[in-house]
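The structure appears below as structure tokens.
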Amino acid sequence: VRELYLPASAPLFLLFTYSYIFCLALPLTVNKHKPWIETTYHGIVTENDDKVLLDPPLIALDKDAPLRYAESFEVTLTEEGEICGFRIHGQNVPFEAVVLDKSTGEGVIRAKDKLDCELQKEHTFTIQAYDCGEGPDGANMKKSHKATVHIQVNDINEYSPVFKEKSYKATVIEGKKYDSILKVEAVDADCSFQFSQICNYEIVTPDVPFTIDKDGFIKNTEKLSYGKERMYKLTVTAYDCGKNRASEDVLVKISVKPTCKPSWQGFNKRIEYEPGTGSLALFPSMHLETCDEPITSIRASIELETNHIGKGCDRDTYSEKSLHKLCGASSGTVELLPAPSSSANWTVGLPTDNGHDSDQVFEFNGTQAIKVPNGMVSTSLKDPFTISVWMRHGPGAHEKETILCNSDKTEMNRHHYSLYVHNCRLIFLLRQEPSEAENYKPAEFHWKLDQVCDKEWHHYVLNVEFPTVSVFVDGTTFEPFLVTEDYPLHASKIETQLTIGACWQENSGHDNDTETVSEPSSGGNARMAQFFRGNLAGLIIRTGKLENKKVIDCLYTCKEGLDVQLPEEVASVEFNPNQSSLTVEGDDIDAFDKVMQHISYLNSRQFPTPGIRHLRISTTVKCFNEESCVTVPDAEGYVMVLQPEEPKISLSGIDHFARSAAEFESQEGVTLFPELRIVSTITREVEADTESEAAEGADDDPTVQETVVSEEIMHNLDTCEVTVVGDELDGEHESLEVDMSQLQQRSLEMSSSNVGLVITGVNTMANYEQVLHLIRYKNWHTEALFDRKFKLVCSELNGRYISNDFKVEVNVIHTASPMEHANNAMVQPNFINPVHHASVDLSGHNLVNAHQASVVPSAATIVIVVCVSFLVFMIILGVFRIRAAHQRTMRDQENGKENEMDWDDSALTITVNPMEVKRHERRKQGTLWGRERDSVANM
């Protein structure tokens, strides 16, 4: 609002005139317009300054700015057109805007605090101008549009260069001049291009044959000599483009090597592997020396040779049947080449490797063959079935060599099915049974395989699901290249014979389907033909189901091999199926060295086979012309697998006890191993404590540096065998039995004979304990039996580790009346042991005349009871008489003794030696008592 002042002498009409003018002027004083500013501003501010230089300058204009009238009038102006302030919009904006002149609208932007270019180089925000509004209180102020402000923070050279590494190392070959030996690199934390760039490097150490360029590359200025200097130490500094020197200089070490020869460096020929330690890096410090040739590609093959171990590498040495179960084939599996035992004795005559570190290997030299007992395998294989075998076979002769054959026992000599080798071909014959339709069907399947004749171990699996047959060799599938057809066999009632290593046939003049070779035999006209020459192991037939790829891979996979674990893919690595060799390819030598350093040997067996595994590295290096420019000699060494700490399997429990005859004859029988305990321990050698050795003095033996520690471990068992010591079991009146349902729950199997029983299957020691606790011995004709002895032996890894012989002797208590049966538990401790240790040894006379057995034990029992009773009576009588005499003596001296002597008297009474009493009474009784004592002792 404007105020108008007039002099008092002014005419009245002037009052009205000015009032009119004042009324006309009232609409002009309203705050009608918004302030106006530029839409965009650009500013610059230095790190150590707060003033921002803006382009264009910060000025706000307002159309409400006042008009000044004639000088003759005295007018007081209001402030609607003035600029009262600027407001900045944005989060955490480190700037503020200040009005310098309200009337002109001029303002300035400045920093609130010190800015840091290294934290943020640019800032962007918006700004608005506000006028002063209407009236004295500034109400109804108006604001301008929002303008964008871009402010750049200028850098100052406040940081010095810093080297990325604490030190640098390089190696050069003598006699060469290098374009570049190595590169040092420094960085600067300043934010601007000028001050953050390194403009110069300098070698501070004087008089050295090296120079450095502005990019940090060091090279030699003359040829270096290994004989003159083996290592140079240089101090290098750096300058940024603002001429600031590095805060700390860096040390550079350059080693000089003799004339270069391409080879693998840092390779140890002997590498020791301690069982149970997991993976072992084979080449932790190895690198390839290429003598600075321009390499484009590198290829290295690492081979681990394990052919001397069993079937080619360390595998589990459980029985083949157990391995099938462990790999998932849990039913219908029949092992045709088991390790010889009391329950599987048809392989006893075959030569073996006589070792337990690997699987049981059988040798066939062209003259041996075995017959599989009848009933082991179904004669009709209509359902799907699988044959698996390990085989090592050389080129051999040109005749057929039979692995497995099922042929007629008599007359026709027809081959129902057979697996044989002929001219490096694997051939499987399967003739259909007479019930099939009379038309041609596939009968003979041929595979041409190099593996059949390479004299190496290979794993073969035939999956037969007629009319298709597929073969897996070392886990790789092969389809037959030839299939021939034939008619089904004619109907006959001739029994068949399953043989291994040859085909069985009768010498009846019919040589169908076979070329016969005579063999001396005690079996009349029977003979074998088509003998096999080579080695076989793990021959299995599984009926009713085919093996899947997972099971086949599990059976073939090695427990030892090469491995490589890298955090990222830096080179191409390929393994062969059993991981005994791998190939590494790459084009960067540093990345290649990194891969080689991560290659390791791994053996997952708990007790690996000790011995040497030869190791070879073959390397090919190519240059830009795609030819081998560098010849790297093969690196050869070996992995020495140390002898594992072998477990000692200990069987313990009650080894001698007695039971009544009624218990032997009961339905439950007598439990043989009620408290059996199976414990496995290993003995470790550890270094003795040096401090304790020193404290013992210098007189101790200085050669004793190790101490032995026994430690209990857990592992699996695969066989426990209970055998009878002495006469074989008589099936008519005695037997060994075990709960079959408990065996099945634990995936165990049992076979029995007249010499005992065998429990087989891979399982824990705890499960074997539980099953052995259930073995019972029954005898329902005990009149002629005094005792029975049994032996228990358990083993691990197909007989590689065998327990102690745990022998149990069971005595039979014969009673004269039923009353004694009821009380035998109380009587047993009193007389069983004396009988066992008597001077008359009856252990070799278990079976005697029935009439004698029924009388003698009762008479002996009566004599023993009478003698023991008489002896007890005489001892009690002697003690009583000595006691009475002693008390009389004490009463005579009672008046002259103190209270303490009464206490001593009681002590003497308590400690009377019964043996002295016995000797005293014996002297009194004289010769008669001596004879009675001798009679009791003899019993």
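A note on labels: chains of the structure tokens are A, B, ... as shown, every chain counts residues from 1, and ligands are counted from 1 in their shown order.
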Skip Arg110 in chain A itself and residues of its chain fewer than 6 positions away, then list as a list in words all residues within 8 Å of it, counting only C-alpha atoms.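 Result of the neighbour search: Asp50, Lys51, Val52, Phe95, Glu96 and Ala97 of chain A.
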So, with only C-alpha atoms as the atoms that count, which of A:Lys455, A:Arg527, A:His715, A:Lys321 lies closest to Leu748 in chain A?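 The answer is A:Lys321, which sits nearest to Leu748 in chain A.
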Near-Glu728 in chain A list (12 Å; only C-alpha atoms; drop same-chain fewer than 2 positions) as number ranges by chain: A: 723-726, 730-736, 753-757, 788-790
Store the residues of this selection in a file with N, CA and C atoms, as a PDB file, in the first residue's frame.
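Contents of the output file selection_33.pdb:
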ATOM      1  N   THR A 723      32.832-121.966  12.463  1.00  0.00           N
ATOM      2  CA  THR A 723      33.147-123.351  12.124  1.00  0.00           C
ATOM      3  C   THR A 723      33.214-124.187  13.390  1.00  0.00           C
ATOM      4  N   VAL A 724      32.957-125.471  13.210  1.00  0.00           N
ATOM      5  CA  VAL A 724      33.013-126.416  14.315  1.00  0.00           C
ATOM      6  C   VAL A 724      34.440-126.905  14.466  1.00  0.00           C
ATOM      7  N   VAL A 725      34.947-126.915  15.700  1.00  0.00           N
ATOM      8  CA  VAL A 725      36.266-127.457  15.991  1.00  0.00           C
ATOM      9  C   VAL A 725      36.083-128.908  16.417  1.00  0.00           C
ATOM     10  N   GLY A 726      36.652-129.799  15.655  1.00  0.00           N
ATOM     11  CA  GLY A 726      36.464-131.214  15.947  1.00  0.00           C
ATOM     12  C   GLY A 726      35.572-131.854  14.907  1.00  0.00           C
ATOM     13  N   ASP A 730      26.486-133.149  12.821  1.00  0.00           N
ATOM     14  CA  ASP A 730      25.641-134.272  12.417  1.00  0.00           C
ATOM     15  C   ASP A 730      24.229-133.736  12.220  1.00  0.00           C
ATOM     16  N   GLY A 731      23.816-133.635  10.968  1.00  0.00           N
ATOM     17  CA  GLY A 731      22.531-133.040  10.667  1.00  0.00           C
ATOM     18  C   GLY A 731      21.346-133.760  11.259  1.00  0.00           C
ATOM     19  N   GLU A 732      21.545-134.987  11.721  1.00  0.00           N
ATOM     20  CA  GLU A 732      20.415-135.736  12.259  1.00  0.00           C
ATOM     21  C   GLU A 732      20.044-135.275  13.665  1.00  0.00           C
ATOM     22  N   HIS A 733      21.021-134.728  14.409  1.00  0.00           N
ATOM     23  CA  HIS A 733      20.660-134.337  15.774  1.00  0.00           C
ATOM     24  C   HIS A 733      21.291-133.030  16.247  1.00  0.00           C
ATOM     25  N   GLU A 734      21.938-132.243  15.366  1.00  0.00           N
ATOM     26  CA  GLU A 734      22.486-130.953  15.797  1.00  0.00           C
ATOM     27  C   GLU A 734      22.521-129.991  14.611  1.00  0.00           C
ATOM     28  N   SER A 735      22.510-128.689  14.935  1.00  0.00           N
ATOM     29  CA  SER A 735      22.495-127.675  13.883  1.00  0.00           C
ATOM     30  C   SER A 735      22.929-126.327  14.450  1.00  0.00           C
ATOM     31  N   LEU A 736      23.362-125.448  13.541  1.00  0.00           N
ATOM     32  CA  LEU A 736      23.612-124.034  13.833  1.00  0.00           C
ATOM     33  C   LEU A 736      22.546-123.216  13.120  1.00  0.00           C
ATOM     34  N   SER A 753      26.867-125.330   6.056  1.00  0.00           N
ATOM     35  CA  SER A 753      27.304-126.670   5.665  1.00  0.00           C
ATOM     36  C   SER A 753      27.505-127.472   6.934  1.00  0.00           C
ATOM     37  N   ASN A 754      28.033-128.687   6.787  1.00  0.00           N
ATOM     38  CA  ASN A 754      28.234-129.527   7.963  1.00  0.00           C
ATOM     39  C   ASN A 754      29.445-129.110   8.788  1.00  0.00           C
ATOM     40  N   VAL A 755      30.190-128.086   8.332  1.00  0.00           N
ATOM     41  CA  VAL A 755      31.317-127.598   9.122  1.00  0.00           C
ATOM     42  C   VAL A 755      31.010-126.264   9.780  1.00  0.00           C
ATOM     43  N   GLY A 756      29.869-125.657   9.481  1.00  0.00           N
ATOM     44  CA  GLY A 756      29.509-124.390  10.104  1.00  0.00           C
ATOM     45  C   GLY A 756      28.655-123.538   9.202  1.00  0.00           C
ATOM     46  N   LEU A 757      28.717-122.226   9.411  1.00  0.00           N
ATOM     47  CA  LEU A 757      27.959-121.302   8.573  1.00  0.00           C
ATOM     48  C   LEU A 757      28.799-120.053   8.300  1.00  0.00           C
ATOM     49  N   ARG A 788      31.218-128.996  23.271  1.00  0.00           N
ATOM     50  CA  ARG A 788      31.322-128.692  21.835  1.00  0.00           C
ATOM     51  C   ARG A 788      32.135-127.420  21.694  1.00  0.00           C
ATOM     52  N   LYS A 789      33.018-127.364  20.711  1.00  0.00           N
ATOM     53  CA  LYS A 789      33.884-126.202  20.501  1.00  0.00           C
ATOM     54  C   LYS A 789      33.620-125.589  19.124  1.00  0.00           C
ATOM     55  N   PHE A 790      33.630-124.255  19.096  1.00  0.00           N
ATOM     56  CA  PHE A 790      33.384-123.522  17.853  1.00  0.00           C
ATOM     57  C   PHE A 790      34.442-122.426  17.695  1.00  0.00           C
TER      58      PHE A 790
END
Taking 6 positions as the minimum chain separation for residues in the same chain, which residues sit within 8 Å of Gly85 in chain A when counting only C-alpha atoms? Answer as a CSV table (one decimal) with N, CA, C and O atoms, in the first residue's frame.
chain,number,residue,atom,x,y,z
A,97,ALA,N,22.0,-20.8,-1.4
A,97,ALA,CA,21.9,-19.6,-2.2
A,97,ALA,C,21.5,-18.4,-1.4
A,97,ALA,O,20.6,-18.5,-0.5
A,98,VAL,N,22.2,-17.3,-1.6
A,98,VAL,CA,22.0,-16.1,-0.8
A,98,VAL,C,21.7,-14.9,-1.7
A,98,VAL,O,22.3,-14.8,-2.8
A,99,VAL,N,20.7,-14.1,-1.3
A,99,VAL,CA,20.4,-12.8,-2.1
A,99,VAL,C,21.4,-11.7,-1.7
A,99,VAL,O,21.5,-11.4,-0.5
A,129,ALA,N,13.4,-18.8,-7.1
A,129,ALA,CA,13.4,-17.4,-6.5
A,129,ALA,C,12.1,-17.1,-5.9
A,129,ALA,O,11.0,-17.5,-6.5
A,130,TYR,N,12.1,-16.3,-4.8
A,130,TYR,CA,10.8,-15.9,-4.1
A,130,TYR,C,10.8,-14.4,-4.0
A,130,TYR,O,11.9,-13.8,-3.6
A,131,ASP,N,9.7,-13.7,-4.3
A,131,ASP,CA,9.6,-12.3,-4.1
A,131,ASP,C,9.1,-12.0,-2.7
A,131,ASP,O,8.9,-12.9,-1.9
If you run DSSP over the backbone, which residues in range 239-377 of chain A end up strand (DSSP E or B)? Put them as JSON, numbers by chain. {"A": [239, 240, 245, 250, 251, 252, 253, 254, 255, 256, 257, 263, 264, 265, 270, 271, 272, 273, 280, 281, 287, 288, 289, 295, 296, 297, 298, 299, 300, 301, 302, 303, 304, 305, 333, 334, 335, 352, 362, 363, 364, 365, 370, 371]}
Counting only C-alpha atoms, figure out which residue out of A:Ile302, A:Cys794, A:Leu536, A:Leu323 gets nearest to Phe575 in chain A. A:Ile302
Could you work out how far CA of Lys371 in chain A lies from CA of Gln530 in chain A, giving the answer in Å with one decimal?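 Atom-to-atom, CA of Gln530 in chain A and CA of Lys371 in chain A are spaced 14.2 Å apart.
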Report, in Å to a single decimal, how far apart CA of Ser144 in chain A and CA of Cys84 in chain A are. 11.9 Å
Excluding Thr583 in chain A and residues on its chain fewer than 6 positions from it, collect all residues at most 8 Å away from it, counting only C-alpha atoms, and give them as an mmCIF file with C-alpha atoms, in the first residue's frame.
data_model
loop_
_atom_site.group_PDB
_atom_site.id
_atom_site.type_symbol
_atom_site.label_atom_id
_atom_site.label_comp_id
_atom_site.auth_asym_id
_atom_site.auth_seq_id
_atom_site.Cartn_x
_atom_site.Cartn_y
_atom_site.Cartn_z
ATOM 1 C CA ARG A 299 48.741 -78.865 -24.397
ATOM 2 C CA ALA A 300 49.795 -81.189 -21.570
ATOM 3 C CA SER A 301 48.754 -84.790 -20.901
ATOM 4 C CA ILE A 302 49.145 -86.140 -17.374
ATOM 5 C CA SER A 572 40.192 -76.637 -20.885
ATOM 6 C CA VAL A 573 40.501 -79.859 -18.849
ATOM 7 C CA GLU A 574 39.376 -83.302 -20.064
ATOM 8 C CA PHE A 575 39.472 -86.598 -18.133
#
Write out as a list in words each polymer residue whose atoms come within 9 Å of Ile599 in chain A, counting only C-alpha atoms; drop sequence neighbours fewer than 6 positions from it. Leu280, Ala281, Leu282, Phe283, Pro284, Leu562, Asp563, Val564 and Gln565 of chain A
Those residues with C-alpha atoms, as a PDB file, in the first residue's frame please?
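Output contents, as saved in selection_33.pdb:
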ATOM      1  CA  LEU A 280      47.314 -84.293  -2.487  1.00  0.00           C
ATOM      2  CA  ALA A 281      48.544 -81.564  -4.854  1.00  0.00           C
ATOM      3  CA  LEU A 282      51.008 -83.178  -7.259  1.00  0.00           C
ATOM      4  CA  PHE A 283      52.667 -80.059  -8.668  1.00  0.00           C
ATOM      5  CA  PRO A 284      52.155 -77.233  -6.150  1.00  0.00           C
ATOM      6  CA  LEU A 562      43.567 -87.428 -10.793  1.00  0.00           C
ATOM      7  CA  ASP A 563      41.503 -84.435  -9.817  1.00  0.00           C
ATOM      8  CA  VAL A 564      41.584 -80.681 -10.367  1.00  0.00           C
ATOM      9  CA  GLN A 565      39.581 -78.041  -8.514  1.00  0.00           C
TER      10      GLN A 565
END
Quote the spacing between CA of Glu433 in chain A and CA of Glu465 in chain A in Å to one decimal place.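 Going from CA of Glu433 in chain A over to CA of Glu465 in chain A, I get 14.8 Å.
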Tell me, as a ChimeraX atom specification, which residues lie within 10 Å of Thr619 in chain A, counting only C-alpha atoms; anything in the same chain fewer than 3 positions away does not count. /A:263-264,288,298-302,583-585,616,630-635
